[in-house]
file work-v3.cif (mmCIF, N, CA, C and O atoms)
data_query
#
loop_
_atom_site.label_atom_id
_atom_site.label_comp_id
_atom_site.auth_asym_id
_atom_site.auth_seq_id
_atom_site.Cartn_x
_atom_site.Cartn_y
_atom_site.Cartn_z
N MET A 1 0.98 -0.66 -2.23
CA MET A 1 0.07 0.33 -1.71
C MET A 1 0.88 1.39 -0.96
O MET A 1 1.82 1.07 -0.24
N SER A 2 0.51 2.62 -1.14
CA SER A 2 1.23 3.70 -0.48
C SER A 2 1.00 3.68 1.03
O SER A 2 0.02 3.10 1.51
N LEU A 3 1.88 4.32 1.75
CA LEU A 3 1.73 4.41 3.21
C LEU A 3 0.39 5.06 3.56
O LEU A 3 -0.33 4.57 4.44
N ASN A 4 0.05 6.16 2.88
CA ASN A 4 -1.20 6.85 3.18
C ASN A 4 -2.42 5.98 2.87
O ASN A 4 -3.39 6.00 3.62
N SER A 5 -2.38 5.23 1.78
CA SER A 5 -3.50 4.35 1.43
C SER A 5 -3.69 3.27 2.49
O SER A 5 -4.81 3.01 2.92
N MET A 6 -2.61 2.65 2.91
CA MET A 6 -2.70 1.60 3.92
C MET A 6 -3.21 2.16 5.24
O MET A 6 -4.11 1.60 5.86
N LEU A 7 -2.65 3.28 5.67
CA LEU A 7 -3.07 3.86 6.95
C LEU A 7 -4.49 4.40 6.88
O LEU A 7 -5.20 4.42 7.89
N GLY A 8 -4.95 4.79 5.69
CA GLY A 8 -6.34 5.19 5.53
C GLY A 8 -7.28 4.02 5.70
O GLY A 8 -8.38 4.16 6.26
N ARG A 9 -6.87 2.86 5.25
CA ARG A 9 -7.70 1.66 5.39
C ARG A 9 -7.58 1.05 6.78
O ARG A 9 -8.52 0.48 7.30
N CYS A 10 -6.38 1.13 7.34
CA CYS A 10 -6.08 0.48 8.63
C CYS A 10 -5.28 1.44 9.50
O CYS A 10 -4.05 1.34 9.57
N PRO A 11 -5.97 2.37 10.17
CA PRO A 11 -5.25 3.38 10.95
C PRO A 11 -4.36 2.82 12.06
O PRO A 11 -3.41 3.47 12.47
N ASN A 12 -4.64 1.61 12.50
CA ASN A 12 -3.84 1.01 13.58
C ASN A 12 -2.69 0.16 13.06
O ASN A 12 -1.95 -0.43 13.86
N ALA A 13 -2.53 0.07 11.75
CA ALA A 13 -1.42 -0.72 11.19
C ALA A 13 -0.11 0.00 11.46
O ALA A 13 -0.05 1.23 11.49
N GLN A 14 0.93 -0.78 11.65
CA GLN A 14 2.26 -0.22 11.90
C GLN A 14 3.21 -0.70 10.80
O GLN A 14 3.39 -1.90 10.61
N PRO A 15 3.83 0.24 10.06
CA PRO A 15 4.82 -0.18 9.07
C PRO A 15 6.03 -0.78 9.78
O PRO A 15 6.48 -0.26 10.79
N VAL A 16 6.53 -1.91 9.28
CA VAL A 16 7.63 -2.61 9.94
C VAL A 16 8.93 -2.39 9.17
O VAL A 16 9.86 -1.81 9.69
N GLU A 17 8.99 -2.89 7.93
CA GLU A 17 10.22 -2.76 7.16
C GLU A 17 10.00 -3.18 5.71
O GLU A 17 9.03 -3.85 5.39
N ARG A 18 10.95 -2.75 4.87
CA ARG A 18 10.97 -3.26 3.50
C ARG A 18 11.21 -4.76 3.58
O ARG A 18 11.88 -5.24 4.48
N TRP A 19 10.69 -5.47 2.58
CA TRP A 19 10.84 -6.92 2.59
C TRP A 19 11.00 -7.41 1.17
O TRP A 19 10.42 -6.88 0.24
N TYR A 20 11.81 -8.44 1.01
CA TYR A 20 12.01 -9.06 -0.30
C TYR A 20 11.53 -10.49 -0.20
O TYR A 20 12.15 -11.32 0.45
N LEU A 21 10.40 -10.76 -0.83
CA LEU A 21 9.74 -12.06 -0.80
C LEU A 21 10.44 -12.97 -1.80
O LEU A 21 10.37 -12.74 -3.01
N LYS A 22 11.13 -13.95 -1.28
CA LYS A 22 11.92 -14.84 -2.14
C LYS A 22 11.07 -16.00 -2.66
O LYS A 22 10.19 -16.50 -1.98
N ASP A 23 11.41 -16.40 -3.87
CA ASP A 23 10.75 -17.52 -4.56
C ASP A 23 9.29 -17.24 -4.89
O ASP A 23 8.46 -18.15 -4.96
N TRP A 24 8.99 -15.96 -5.10
CA TRP A 24 7.69 -15.51 -5.59
C TRP A 24 7.95 -14.48 -6.68
O TRP A 24 8.99 -13.84 -6.70
N GLN A 25 6.96 -14.29 -7.59
CA GLN A 25 7.09 -13.27 -8.62
C GLN A 25 5.83 -12.40 -8.61
O GLN A 25 4.75 -12.85 -8.24
N LEU A 26 6.01 -11.16 -9.02
CA LEU A 26 4.91 -10.21 -9.14
C LEU A 26 4.24 -10.40 -10.49
O LEU A 26 4.92 -10.51 -11.51
N GLU A 27 2.92 -10.48 -10.48
CA GLU A 27 2.15 -10.61 -11.73
C GLU A 27 1.01 -9.61 -11.70
O GLU A 27 0.58 -9.17 -10.63
N PHE A 28 0.54 -9.26 -12.89
CA PHE A 28 -0.57 -8.32 -13.00
C PHE A 28 -1.70 -8.92 -13.80
O PHE A 28 -1.49 -9.53 -14.84
N ALA A 29 -2.90 -8.71 -13.32
CA ALA A 29 -4.13 -8.91 -14.06
C ALA A 29 -4.85 -7.57 -13.89
O ALA A 29 -4.22 -6.53 -14.04
N SER A 30 -6.10 -7.58 -13.48
CA SER A 30 -6.76 -6.31 -13.17
C SER A 30 -6.09 -5.65 -11.96
O SER A 30 -6.14 -4.44 -11.81
N HIS A 31 -5.49 -6.48 -11.13
CA HIS A 31 -4.75 -6.01 -9.95
C HIS A 31 -3.47 -6.82 -9.82
O HIS A 31 -3.27 -7.78 -10.55
N ALA A 32 -2.64 -6.45 -8.87
CA ALA A 32 -1.36 -7.15 -8.66
C ALA A 32 -1.57 -8.39 -7.79
O ALA A 32 -2.46 -8.43 -6.95
N THR A 33 -0.73 -9.36 -8.02
CA THR A 33 -0.70 -10.55 -7.18
C THR A 33 0.72 -11.10 -7.19
O THR A 33 1.58 -10.61 -7.93
N VAL A 34 0.96 -12.08 -6.38
CA VAL A 34 2.23 -12.79 -6.39
C VAL A 34 1.94 -14.26 -6.60
O VAL A 34 0.91 -14.77 -6.17
N THR A 35 2.86 -14.92 -7.30
CA THR A 35 2.75 -16.35 -7.53
C THR A 35 4.10 -16.99 -7.25
O THR A 35 5.14 -16.34 -7.44
N PRO A 36 4.11 -18.22 -6.78
CA PRO A 36 5.39 -18.87 -6.48
C PRO A 36 6.24 -19.03 -7.74
O PRO A 36 5.73 -19.39 -8.80
N LYS A 37 7.53 -18.73 -7.62
CA LYS A 37 8.47 -18.98 -8.70
C LYS A 37 9.87 -19.03 -8.10
O LYS A 37 10.41 -18.02 -7.64
N THR A 38 10.45 -20.22 -8.10
CA THR A 38 11.77 -20.43 -7.54
C THR A 38 12.78 -19.49 -8.18
O THR A 38 12.82 -19.35 -9.40
N GLY A 39 13.56 -18.84 -7.33
CA GLY A 39 14.61 -17.95 -7.81
C GLY A 39 14.18 -16.50 -8.01
O GLY A 39 15.02 -15.64 -8.20
N SER A 40 12.90 -16.22 -7.99
CA SER A 40 12.41 -14.85 -8.17
C SER A 40 12.31 -14.15 -6.82
O SER A 40 12.27 -14.78 -5.77
N VAL A 41 12.23 -12.82 -6.87
CA VAL A 41 12.11 -12.00 -5.67
C VAL A 41 11.13 -10.87 -5.95
O VAL A 41 11.17 -10.25 -7.01
N VAL A 42 10.25 -10.59 -4.99
CA VAL A 42 9.31 -9.49 -5.08
C VAL A 42 9.61 -8.50 -3.96
O VAL A 42 9.65 -8.88 -2.78
N ALA A 43 9.82 -7.25 -4.32
CA ALA A 43 10.04 -6.19 -3.33
C ALA A 43 8.70 -5.75 -2.76
O ALA A 43 7.72 -5.63 -3.49
N GLY A 44 8.68 -5.51 -1.46
CA GLY A 44 7.45 -5.06 -0.82
C GLY A 44 7.73 -4.56 0.58
O GLY A 44 8.85 -4.15 0.89
N ALA A 45 6.72 -4.63 1.42
CA ALA A 45 6.85 -4.13 2.79
C ALA A 45 6.05 -5.01 3.74
O ALA A 45 5.02 -5.56 3.36
N LEU A 46 6.54 -5.11 4.95
CA LEU A 46 5.83 -5.81 6.01
C LEU A 46 5.12 -4.80 6.89
O LEU A 46 5.67 -3.74 7.20
N TRP A 47 3.92 -5.15 7.29
CA TRP A 47 3.12 -4.34 8.20
C TRP A 47 2.69 -5.22 9.37
O TRP A 47 2.40 -6.40 9.18
N CYS A 48 2.60 -4.63 10.53
CA CYS A 48 2.00 -5.29 11.68
C CYS A 48 0.56 -4.79 11.74
O CYS A 48 0.32 -3.57 11.81
N ILE A 49 -0.40 -5.72 11.64
CA ILE A 49 -1.80 -5.32 11.61
C ILE A 49 -2.57 -5.94 12.77
O ILE A 49 -2.20 -7.00 13.28
N THR A 50 -3.64 -5.29 13.15
CA THR A 50 -4.52 -5.79 14.20
C THR A 50 -5.58 -6.69 13.56
O THR A 50 -5.71 -6.73 12.32
N ALA A 51 -6.37 -7.37 14.39
CA ALA A 51 -7.47 -8.19 13.87
C ALA A 51 -8.48 -7.31 13.13
O ALA A 51 -9.01 -7.71 12.09
N ASP A 52 -8.73 -6.10 13.63
CA ASP A 52 -9.63 -5.18 12.95
C ASP A 52 -9.06 -4.79 11.58
O ASP A 52 -9.79 -4.72 10.59
N CYS A 53 -7.75 -4.53 11.52
CA CYS A 53 -7.11 -4.21 10.24
C CYS A 53 -7.31 -5.36 9.26
O CYS A 53 -7.63 -5.12 8.09
N GLU A 54 -7.11 -6.57 9.72
CA GLU A 54 -7.25 -7.72 8.83
C GLU A 54 -8.68 -7.84 8.31
O GLU A 54 -8.89 -8.11 7.12
N ARG A 55 -9.68 -7.61 9.15
CA ARG A 55 -11.07 -7.64 8.70
C ARG A 55 -11.31 -6.57 7.64
O ARG A 55 -11.96 -6.82 6.62
N ARG A 56 -10.78 -5.37 7.86
CA ARG A 56 -10.93 -4.28 6.88
C ARG A 56 -10.25 -4.64 5.56
O ARG A 56 -10.80 -4.42 4.48
N LEU A 57 -9.04 -5.18 5.65
CA LEU A 57 -8.32 -5.57 4.44
C LEU A 57 -9.03 -6.71 3.72
O LEU A 57 -9.08 -6.74 2.49
N ASP A 58 -9.58 -7.66 4.48
CA ASP A 58 -10.34 -8.75 3.86
C ASP A 58 -11.47 -8.19 3.00
O ASP A 58 -11.67 -8.63 1.86
N ARG A 59 -12.22 -7.23 3.54
CA ARG A 59 -13.32 -6.63 2.77
C ARG A 59 -12.77 -5.90 1.54
O ARG A 59 -13.29 -6.05 0.44
N PHE A 60 -11.72 -5.12 1.74
CA PHE A 60 -11.15 -4.34 0.65
C PHE A 60 -10.61 -5.25 -0.46
O PHE A 60 -10.79 -4.97 -1.65
N GLU A 61 -9.95 -6.33 -0.09
CA GLU A 61 -9.32 -7.24 -1.06
C GLU A 61 -10.29 -8.26 -1.64
O GLU A 61 -9.92 -9.06 -2.50
N GLY A 62 -11.55 -8.27 -1.18
CA GLY A 62 -12.52 -9.22 -1.71
C GLY A 62 -12.26 -10.65 -1.26
O GLY A 62 -12.56 -11.60 -1.98
N PHE A 63 -11.71 -10.81 -0.06
CA PHE A 63 -11.44 -12.14 0.49
C PHE A 63 -12.76 -12.79 0.85
O PHE A 63 -13.63 -12.15 1.42
N PRO A 64 -12.99 -14.04 0.52
CA PRO A 64 -12.08 -15.03 -0.07
C PRO A 64 -12.30 -15.27 -1.56
O PRO A 64 -11.71 -16.18 -2.13
N ASP A 65 -13.14 -14.45 -2.19
CA ASP A 65 -13.51 -14.72 -3.59
C ASP A 65 -12.54 -14.13 -4.61
O ASP A 65 -12.31 -14.74 -5.65
N TYR A 66 -12.01 -12.94 -4.34
CA TYR A 66 -11.12 -12.28 -5.29
C TYR A 66 -9.65 -12.53 -4.94
O TYR A 66 -8.84 -12.82 -5.80
N TYR A 67 -9.34 -12.39 -3.66
CA TYR A 67 -8.01 -12.73 -3.13
C TYR A 67 -8.20 -13.75 -2.02
O TYR A 67 -9.20 -13.72 -1.30
N THR A 68 -7.25 -14.65 -1.90
CA THR A 68 -7.20 -15.57 -0.78
C THR A 68 -5.97 -15.22 0.05
O THR A 68 -5.19 -14.36 -0.36
N LYS A 69 -5.82 -15.84 1.20
CA LYS A 69 -4.66 -15.56 2.05
C LYS A 69 -3.71 -16.74 2.04
O LYS A 69 -4.14 -17.89 2.03
N THR A 70 -2.44 -16.44 2.06
CA THR A 70 -1.39 -17.45 2.15
C THR A 70 -0.46 -17.05 3.28
O THR A 70 -0.14 -15.87 3.42
N HIS A 71 -0.07 -18.01 4.08
CA HIS A 71 0.89 -17.75 5.16
C HIS A 71 2.25 -18.29 4.73
O HIS A 71 2.35 -19.41 4.21
N VAL A 72 3.26 -17.47 4.90
CA VAL A 72 4.61 -17.78 4.44
C VAL A 72 5.57 -17.57 5.60
O VAL A 72 5.36 -16.70 6.44
N GLU A 73 6.62 -18.37 5.63
CA GLU A 73 7.69 -18.16 6.61
C GLU A 73 9.00 -17.99 5.85
O GLU A 73 9.35 -18.84 5.02
N GLN A 74 9.68 -16.89 6.12
CA GLN A 74 10.98 -16.63 5.51
C GLN A 74 11.83 -15.87 6.51
O GLN A 74 11.33 -14.98 7.20
N HIS A 75 13.09 -16.22 6.57
CA HIS A 75 14.05 -15.54 7.45
C HIS A 75 13.56 -15.43 8.89
O HIS A 75 13.71 -14.40 9.54
N GLY A 76 12.94 -16.50 9.37
CA GLY A 76 12.48 -16.53 10.76
C GLY A 76 11.22 -15.74 11.03
O GLY A 76 10.82 -15.60 12.18
N ARG A 77 10.58 -15.21 10.01
CA ARG A 77 9.33 -14.46 10.17
C ARG A 77 8.20 -15.19 9.48
O ARG A 77 8.36 -15.68 8.37
N ARG A 78 7.06 -15.24 10.15
CA ARG A 78 5.85 -15.81 9.55
C ARG A 78 4.90 -14.66 9.30
O ARG A 78 4.66 -13.82 10.17
N PHE A 79 4.34 -14.61 8.09
CA PHE A 79 3.46 -13.51 7.73
C PHE A 79 2.41 -13.98 6.73
O PHE A 79 2.53 -15.05 6.13
N MET A 80 1.39 -13.16 6.57
CA MET A 80 0.29 -13.44 5.67
C MET A 80 0.40 -12.51 4.47
O MET A 80 0.82 -11.37 4.59
N LEU A 81 0.00 -13.04 3.31
CA LEU A 81 -0.11 -12.20 2.13
C LEU A 81 -1.36 -12.60 1.37
O LEU A 81 -1.86 -13.70 1.51
N TYR A 82 -1.85 -11.65 0.59
CA TYR A 82 -3.02 -11.91 -0.24
C TYR A 82 -2.56 -12.34 -1.63
O TYR A 82 -1.65 -11.74 -2.21
N VAL A 83 -3.21 -13.38 -2.17
CA VAL A 83 -2.91 -13.90 -3.51
C VAL A 83 -4.22 -13.93 -4.30
O VAL A 83 -5.23 -14.45 -3.81
N MET A 84 -4.19 -13.37 -5.50
CA MET A 84 -5.39 -13.31 -6.33
C MET A 84 -5.85 -14.71 -6.72
O MET A 84 -5.04 -15.57 -7.07
N CYS A 85 -7.16 -14.92 -6.66
CA CYS A 85 -7.75 -16.19 -7.06
C CYS A 85 -7.80 -16.28 -8.58
O CYS A 85 -8.05 -15.28 -9.26
N PRO A 86 -7.55 -17.46 -9.13
CA PRO A 86 -7.65 -17.61 -10.59
C PRO A 86 -9.12 -17.52 -11.02
O PRO A 86 -10.00 -17.75 -10.20
N PRO A 87 -9.37 -17.24 -12.28
CA PRO A 87 -8.38 -16.98 -13.31
C PRO A 87 -7.90 -15.52 -13.26
O PRO A 87 -8.67 -14.63 -12.92
N LEU A 88 -6.65 -15.31 -13.61
CA LEU A 88 -6.10 -13.96 -13.67
C LEU A 88 -6.45 -13.37 -15.03
O LEU A 88 -6.15 -13.97 -16.06
N ALA A 89 -7.10 -12.21 -15.01
CA ALA A 89 -7.53 -11.61 -16.27
C ALA A 89 -7.52 -10.10 -16.15
O ALA A 89 -7.57 -9.55 -15.06
N GLY A 90 -7.46 -9.44 -17.29
CA GLY A 90 -7.54 -7.99 -17.33
C GLY A 90 -6.19 -7.32 -17.21
O GLY A 90 -5.15 -7.97 -17.13
N GLN A 91 -6.22 -6.00 -17.19
CA GLN A 91 -5.02 -5.19 -17.06
C GLN A 91 -5.29 -4.14 -15.99
O GLN A 91 -6.41 -3.64 -15.88
N PRO A 92 -4.26 -3.76 -15.22
CA PRO A 92 -4.47 -2.75 -14.19
C PRO A 92 -4.71 -1.36 -14.79
O PRO A 92 -4.18 -1.04 -15.85
N SER A 93 -5.51 -0.56 -14.10
CA SER A 93 -5.74 0.81 -14.54
C SER A 93 -4.51 1.66 -14.26
O SER A 93 -3.67 1.31 -13.42
N ALA A 94 -4.42 2.78 -14.92
CA ALA A 94 -3.31 3.70 -14.70
C ALA A 94 -3.30 4.21 -13.26
O ALA A 94 -2.23 4.34 -12.65
N SER A 95 -4.47 4.47 -12.68
CA SER A 95 -4.51 4.96 -11.30
C SER A 95 -4.05 3.89 -10.31
O SER A 95 -3.40 4.19 -9.31
N TYR A 96 -4.35 2.63 -10.60
CA TYR A 96 -3.90 1.54 -9.75
C TYR A 96 -2.38 1.41 -9.80
O TYR A 96 -1.72 1.30 -8.77
N VAL A 97 -1.82 1.47 -11.00
CA VAL A 97 -0.36 1.39 -11.16
C VAL A 97 0.30 2.57 -10.45
O VAL A 97 1.33 2.42 -9.79
N SER A 98 -0.31 3.73 -10.52
CA SER A 98 0.22 4.92 -9.84
C SER A 98 0.24 4.71 -8.33
O SER A 98 1.21 5.09 -7.65
N CYS A 99 -0.79 4.10 -7.78
CA CYS A 99 -0.84 3.80 -6.34
C CYS A 99 0.29 2.84 -5.96
O CYS A 99 0.94 3.02 -4.93
N LEU A 100 0.53 1.85 -6.80
CA LEU A 100 1.63 0.91 -6.53
C LEU A 100 2.98 1.63 -6.59
O LEU A 100 3.84 1.41 -5.73
N ARG A 101 3.14 2.50 -7.57
CA ARG A 101 4.38 3.28 -7.67
C ARG A 101 4.59 4.13 -6.42
O ARG A 101 5.70 4.24 -5.92
N ASP A 102 3.51 4.75 -5.94
CA ASP A 102 3.60 5.55 -4.71
C ASP A 102 4.10 4.70 -3.55
O ASP A 102 4.94 5.14 -2.77
N GLY A 103 3.58 3.48 -3.44
CA GLY A 103 4.03 2.58 -2.37
C GLY A 103 5.50 2.22 -2.52
O GLY A 103 6.25 2.22 -1.54
N TYR A 104 5.94 1.95 -3.74
CA TYR A 104 7.36 1.65 -3.96
C TYR A 104 8.22 2.85 -3.61
O TYR A 104 9.28 2.72 -3.01
N ASN A 105 7.74 4.05 -3.96
CA ASN A 105 8.49 5.27 -3.61
C ASN A 105 8.52 5.48 -2.11
O ASN A 105 9.57 5.82 -1.55
N ASP A 106 7.39 5.28 -1.44
CA ASP A 106 7.33 5.44 0.02
C ASP A 106 8.34 4.56 0.73
O ASP A 106 8.97 4.98 1.71
N TRP A 107 8.49 3.34 0.24
CA TRP A 107 9.39 2.37 0.87
C TRP A 107 10.78 2.38 0.25
O TRP A 107 11.63 1.60 0.62
N GLN A 108 11.00 3.26 -0.72
CA GLN A 108 12.29 3.37 -1.43
C GLN A 108 12.71 2.03 -2.04
O GLN A 108 13.85 1.58 -1.87
N LEU A 109 11.77 1.44 -2.78
CA LEU A 109 12.01 0.17 -3.45
C LEU A 109 12.29 0.43 -4.93
O LEU A 109 11.77 1.38 -5.52
N ASP A 110 13.10 -0.43 -5.54
CA ASP A 110 13.35 -0.34 -6.97
C ASP A 110 12.07 -0.67 -7.73
O ASP A 110 11.34 -1.59 -7.39
N HIS A 111 11.82 0.09 -8.78
CA HIS A 111 10.65 -0.16 -9.63
C HIS A 111 10.97 -1.30 -10.56
O HIS A 111 10.21 -1.84 -11.22
#
call {"tool": "encode", "arguments": {"input": "work-v3.cif", "output": "structure tokens"}}
result
Amino acid sequence: MSLNSMLGRCPNAQPVERWYLKDWQLEFASHATVTPKTGSVVAGALWCITADCERRLDRFEGFPDYYTKTHVEQHGRRFMLYVMCPPLAGQPSASYVSCLRDGYNDWQLDH
């Protein structure tokens, strides 16, 4: 998600840093998700969010029916991420992929 998209949804969110989620892989259905896979890495970003931000994101992400939350600890940091609920189906729209590209560009991540 682009910086502007995230801040539009959660004005109090603070961007923290680029992050490489180890032992997970990026997958696509109608939307993006991550799934565990030893040896894989997913490029992304960490955000510091408030409780209000989390409630807004929960509504936006369709928690708990469309996405669920997983808590992960890596490199001394504990954080939450959203994981799509099965079954994974469909293909992302061009506008959705464009939004993801914008986020990768904002954070200067490899596509």
call {"tool": "atom_distance", "arguments": {"input": "work-v3.cif", "atom1": "atom N of Leu46 in chain A", "atom2": "atom N of Ala29 in chain A"}}
result
20.9 Å
call {"tool": "resolve_selection", "arguments": {"input": "work-v3.cif", "expression": "the PyMOL selection byres ((chain A and resi 2-11) around 8)", "output": "number ranges by chain"}}
result
A: 1, 12-15, 48-50, 52-57, 98-107
call {"tool": "write_last_selection", "arguments": {"input": "work-v3.cif", "atoms": "N, CA, C and O atoms", "output": "compact mmCIF listing (two decimals), keeping the file's coordinate frame"}}
result
# COMPACT_ATOMS: atom_id res chain seq x y z
N MET A 1 0.98 -0.66 -2.23
CA MET A 1 0.07 0.33 -1.71
C MET A 1 0.88 1.39 -0.96
O MET A 1 1.82 1.07 -0.24
N ASN A 12 -4.64 1.61 12.50
CA ASN A 12 -3.84 1.01 13.58
C ASN A 12 -2.69 0.16 13.06
O ASN A 12 -1.95 -0.43 13.86
N ALA A 13 -2.53 0.07 11.75
CA ALA A 13 -1.42 -0.72 11.19
C ALA A 13 -0.11 0.00 11.46
O ALA A 13 -0.05 1.23 11.49
N GLN A 14 0.93 -0.78 11.65
CA GLN A 14 2.26 -0.22 11.90
C GLN A 14 3.21 -0.70 10.80
O GLN A 14 3.39 -1.90 10.61
N PRO A 15 3.83 0.24 10.06
CA PRO A 15 4.82 -0.18 9.07
C PRO A 15 6.03 -0.78 9.78
O PRO A 15 6.48 -0.26 10.79
N CYS A 48 2.60 -4.63 10.53
CA CYS A 48 2.00 -5.29 11.68
C CYS A 48 0.56 -4.79 11.74
O CYS A 48 0.32 -3.57 11.81
N ILE A 49 -0.40 -5.72 11.64
CA ILE A 49 -1.80 -5.32 11.61
C ILE A 49 -2.57 -5.94 12.77
O ILE A 49 -2.20 -7.00 13.28
N THR A 50 -3.64 -5.29 13.15
CA THR A 50 -4.52 -5.79 14.20
C THR A 50 -5.58 -6.69 13.56
O THR A 50 -5.71 -6.73 12.32
N ASP A 52 -8.73 -6.10 13.63
CA ASP A 52 -9.63 -5.18 12.95
C ASP A 52 -9.06 -4.79 11.58
O ASP A 52 -9.79 -4.72 10.59
N CYS A 53 -7.75 -4.53 11.52
CA CYS A 53 -7.11 -4.21 10.24
C CYS A 53 -7.31 -5.36 9.26
O CYS A 53 -7.63 -5.12 8.09
N GLU A 54 -7.11 -6.57 9.72
CA GLU A 54 -7.25 -7.72 8.83
C GLU A 54 -8.68 -7.84 8.31
O GLU A 54 -8.89 -8.11 7.12
N ARG A 55 -9.68 -7.61 9.15
CA ARG A 55 -11.07 -7.64 8.70
C ARG A 55 -11.31 -6.57 7.64
O ARG A 55 -11.96 -6.82 6.62
N ARG A 56 -10.78 -5.37 7.86
CA ARG A 56 -10.93 -4.28 6.88
C ARG A 56 -10.25 -4.64 5.56
O ARG A 56 -10.80 -4.42 4.48
N LEU A 57 -9.04 -5.18 5.65
CA LEU A 57 -8.32 -5.57 4.44
C LEU A 57 -9.03 -6.71 3.72
O LEU A 57 -9.08 -6.74 2.49
N SER A 98 -0.31 3.73 -10.52
CA SER A 98 0.22 4.92 -9.84
C SER A 98 0.24 4.71 -8.33
O SER A 98 1.21 5.09 -7.65
N CYS A 99 -0.79 4.10 -7.78
CA CYS A 99 -0.84 3.80 -6.34
C CYS A 99 0.29 2.84 -5.96
O CYS A 99 0.94 3.02 -4.93
N LEU A 100 0.53 1.85 -6.80
CA LEU A 100 1.63 0.91 -6.53
C LEU A 100 2.98 1.63 -6.59
O LEU A 100 3.84 1.41 -5.73
N ARG A 101 3.14 2.50 -7.57
CA ARG A 101 4.38 3.28 -7.67
C ARG A 101 4.59 4.13 -6.42
O ARG A 101 5.70 4.24 -5.92
N ASP A 102 3.51 4.75 -5.94
CA ASP A 102 3.60 5.55 -4.71
C ASP A 102 4.10 4.70 -3.55
O ASP A 102 4.94 5.14 -2.77
N GLY A 103 3.58 3.48 -3.44
CA GLY A 103 4.03 2.58 -2.37
C GLY A 103 5.50 2.22 -2.52
O GLY A 103 6.25 2.22 -1.54
N TYR A 104 5.94 1.95 -3.74
CA TYR A 104 7.36 1.65 -3.96
C TYR A 104 8.22 2.85 -3.61
O TYR A 104 9.28 2.72 -3.01
N ASN A 105 7.74 4.05 -3.96
CA ASN A 105 8.49 5.27 -3.61
C ASN A 105 8.52 5.48 -2.11
O ASN A 105 9.57 5.82 -1.55
N ASP A 106 7.39 5.28 -1.44
CA ASP A 106 7.33 5.44 0.02
C ASP A 106 8.34 4.56 0.73
O ASP A 106 8.97 4.98 1.71
N TRP A 107 8.49 3.34 0.24
CA TRP A 107 9.39 2.37 0.87
C TRP A 107 10.78 2.38 0.25
O TRP A 107 11.63 1.60 0.62
call {"tool": "resolve_selection", "arguments": {"input": "work-v3.cif", "expression": "the PyMOL selection byres ((chain A and resi 37) around 5)", "output": "number ranges by chain"}}
result
A: 23-25, 35-36, 38-40
call {"tool": "atom_distance", "arguments": {"input": "work-v3.cif", "atom1": "atom C of Ala51 in chain A", "atom2": "atom C of Ser93 in chain A"}}
result
29.1 Å
call {"tool": "residues_around", "arguments": {"input": "work-v3.cif", "residues": "His31 in chain A", "least_positions_apart": "6", "cutoff": "7 Å", "atoms": "all atoms listed in the file", "output": "PyMOL selection string"}}
result
chain A and resi 89-93
call {"tool": "atom_distance", "arguments": {"input": "work-v3.cif", "atom1": "atom C of Glu27 in chain A", "atom2": "atom N of Arg77 in chain A"}}
result
24.4 Å
call {"tool": "select_by_dssp", "arguments": {"input": "work-v3.cif", "residues": "range 30-95 of chain A", "states": "strand (DSSP E)", "output": "PyMOL selection string"}}
result
chain A and resi 32-48+67-74+77-84
call {"tool": "axis_aligned_box", "arguments": {"input": "work-v3.cif", "around": "range 54-67 of chain A", "padding_each_side": "8 Å", "output": "AutoDock Vina command-line options"}}
result
--center_x -10.4 --center_y -10.2 --center_z 2.0 --size_x 22.5 --size_y 27.9 --size_z 31.5
call {"tool": "residues_around", "arguments": {"input": "work-v3.cif", "residues": "Tyr67 in chain A", "least_positions_apart": "3", "cutoff": "6 Å", "atoms": "only N, CA, C and O atoms", "output": "list of chain:residue names"}}
result
A:Glu61, A:Gly62, A:Phe63, A:Pro64, A:Tyr82, A:Val83, A:Met84, A:Cys85
call {"tool": "closest_residue", "arguments": {"input": "work-v3.cif", "among": "A:His111, A:Lys69, A:His75, A:Lys22", "to": "Val41 in chain A", "atoms": "all atoms listed in the file"}}
result
A:Lys22
call {"tool": "closest_residue", "arguments": {"input": "work-v3.cif", "among": "A:Tyr66, A:Arg18, A:Leu26, A:Ser95", "to": "Gln108 in chain A", "atoms": "only N, CA, C and O atoms"}}
result
A:Arg18
